[in-house]
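Presented below is the structure to which this report refers.
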Amino acid sequence: MLVYEGKAKRVYRTEEEAYRIEYKDEVTAGNGEKHDYMTGKGRLNNLISSGIFAYMKKHGIDSHYIERISETEQLVKPLDIIPLEVVVRNYAAGSIVKRLGLKTHQPMTPPLVEFFYKEDALGDPLLTDDHIAMLNLASVAEVAHLKAQALKINEVLTAMMKEMGLSLIDFKIEFGKDRDGVIMLADEISPDTCRIVDMESKENFDKDVYRNSTGSLIDTYRAFYKKMEALI
Ligand code: C5P
């Protein structure tokens, strides 16, 4: 049974204690302003996200990911998603450059953690800790836990990208709670949700290629997956 359909995925309830996520051949940017169908995109996102979650697990980061069951589908633990987008930034790019007038790729030392409200109708606004408490989205202790987890995930993901000759600029993650209230990494991690550039050439290996119309998204993700395949 379909329980959720997002811009890039469908989530189904299964017979077992699991959800099945199907990655769609669709890509959007700018809160749906730009939208395209791309054959093979769902497969690439599924292969990449599955590989990253498996790498995370090997390096001590639990997530909702159970296993990849086909080219375009994976099984995950059923979680209640916390409606927060947690963004970690190692270098300035995207919205923070516009918001604070920073220089693109200016280092963020220490890495910066930001929270956005996962609410399309409001355009996913930036939230302070006090906003999160006021909206009852998470407790003070949970916010501290999410920040600490996000920074730990940043360390593992940065190391993984480095092994691939890439530099992790920033990324967005989501968390959910299982039925015992345990908070766990959820959603996906892929070039759709990260900014990643080649260490030397600074060429983008992420969705900025689509956002800025600077190349083929499928060719870019295929090249990313090829680098990743050597690692996993
Ligand atoms: O747009 P912004 O610069 O805040 O994005 C920061 C990071 O979060 C980028 O890697 C972007 O791909 C990711 N992101 C996302 N989904 C959103 C917003 C941002 O994956 N809705």
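Just remember, in the structure tokens the first chain shown is A, the second B, etc., residues are 1-based per chain, and ligands are 1-based in the order shown.
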Could you give me the residues within 10 Å of ligand 1, counting only C-alpha atoms and all ligand atoms, as a JSON list (two decimals) with C-alpha atoms, in the first residue's frame?
```json
[["chain", "number", "residue", "atom", "x", "y", "z"],
["A", 28, "THR", "CA", 12.96, 18.70, -9.31],
["A", 29, "ALA", "CA", 14.68, 21.85, -8.11],
["A", 30, "GLY", "CA", 13.63, 25.13, -6.52],
["A", 31, "ASN", "CA", 10.74, 23.57, -4.55],
["A", 32, "GLY", "CA", 9.27, 22.05, -7.73],
["A", 84, "LEU", "CA", 13.18, 18.86, 9.89],
["A", 85, "GLU", "CA", 15.78, 19.09, 7.16],
["A", 86, "VAL", "CA", 19.16, 19.03, 8.88],
["A", 87, "VAL", "CA", 21.85, 20.69, 6.75],
["A", 88, "VAL", "CA", 25.57, 20.41, 7.49],
["A", 89, "ARG", "CA", 27.96, 22.79, 5.73],
["A", 92, "ALA", "CA", 29.60, 27.91, 1.92],
["A", 93, "ALA", "CA", 27.31, 27.31, -1.07],
["A", 94, "GLY", "CA", 23.71, 27.70, -2.15],
["A", 95, "SER", "CA", 21.23, 29.35, 0.19],
["A", 96, "ILE", "CA", 23.72, 30.45, 2.88],
["A", 97, "VAL", "CA", 25.73, 32.39, 0.29],
["A", 98, "LYS", "CA", 22.60, 34.34, -0.65],
["A", 99, "ARG", "CA", 21.33, 34.66, 2.93],
["A", 114, "GLU", "CA", 21.23, 24.36, 10.24],
["A", 115, "PHE", "CA", 17.62, 23.24, 10.59],
["A", 116, "PHE", "CA", 14.88, 23.90, 8.02],
["A", 117, "TYR", "CA", 11.16, 23.23, 8.43],
["A", 118, "LYS", "CA", 10.16, 20.43, 6.04],
["A", 119, "GLU", "CA", 7.04, 22.18, 4.80],
["A", 120, "ASP", "CA", 6.78, 22.76, 1.04],
["A", 123, "GLY", "CA", 9.18, 27.02, 1.23],
["A", 124, "ASP", "CA", 11.12, 25.08, 3.91],
["A", 125, "PRO", "CA", 12.09, 28.08, 6.12],
["A", 126, "LEU", "CA", 15.22, 28.20, 8.30],
["A", 168, "LEU", "CA", 31.91, 17.34, 0.57],
["A", 169, "ILE", "CA", 30.62, 20.93, 0.49],
["A", 170, "ASP", "CA", 27.29, 20.40, 2.27],
["A", 171, "PHE", "CA", 24.39, 17.97, 2.59],
["A", 172, "LYS", "CA", 20.87, 17.56, 3.92],
["A", 173, "ILE", "CA", 19.65, 14.67, 6.03],
["A", 174, "GLU", "CA", 16.41, 13.71, 7.71],
["A", 188, "GLU", "CA", 18.30, 9.25, 1.32],
["A", 189, "ILE", "CA", 21.86, 10.44, 0.93],
["A", 190, "SER", "CA", 22.82, 10.97, -2.71],
["A", 191, "PRO", "CA", 24.02, 13.68, -5.12],
["A", 192, "ASP", "CA", 20.40, 14.95, -4.93],
["A", 193, "THR", "CA", 20.92, 15.83, -1.26],
["A", 194, "CYS", "CA", 24.62, 16.76, -1.17],
["A", 195, "ARG", "CA", 26.98, 19.21, -2.82],
["A", 196, "ILE", "CA", 30.12, 17.36, -3.80],
["A", 206, "ASP", "CA", 25.67, 16.72, -7.65],
["A", 207, "LYS", "CA", 22.28, 18.23, -8.46],
["A", 208, "ASP", "CA", 23.79, 21.72, -8.97],
["A", 211, "ARG", "CA", 19.87, 23.39, -10.89]]
```
Would you please give, as a PyMOL selection string, all residues of range 22-175 of chain A that DSSP assigns to strand (DSSP E or B) based on the backbone? chain A and resi 22-23+26-29+34-37+63+65-68+73-76+80-81+84-91+107-117+126-127+166-175
Residue with smallest distance to Ser213 in chain A - pool A:Arg179, A:Ser139, A:Glu22, A:Lys34, counting only C-alpha atoms: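 Result for the nearest residue to Ser213 in chain A: A:Lys34.
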One decimal, Å: what's the distance from CA of Ser201 in chain A over to CA of His35 in chain A, could you say?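 Interatomic distance, CA of Ser201 in chain A to CA of His35 in chain A: 28.3 Å.
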Using only C-alpha atoms, the shortest atom-to-atom distance to Thr128 in chain A among A:Val113, A:Ile82, A:Val209, A:Ala186 belongs to A:Val113
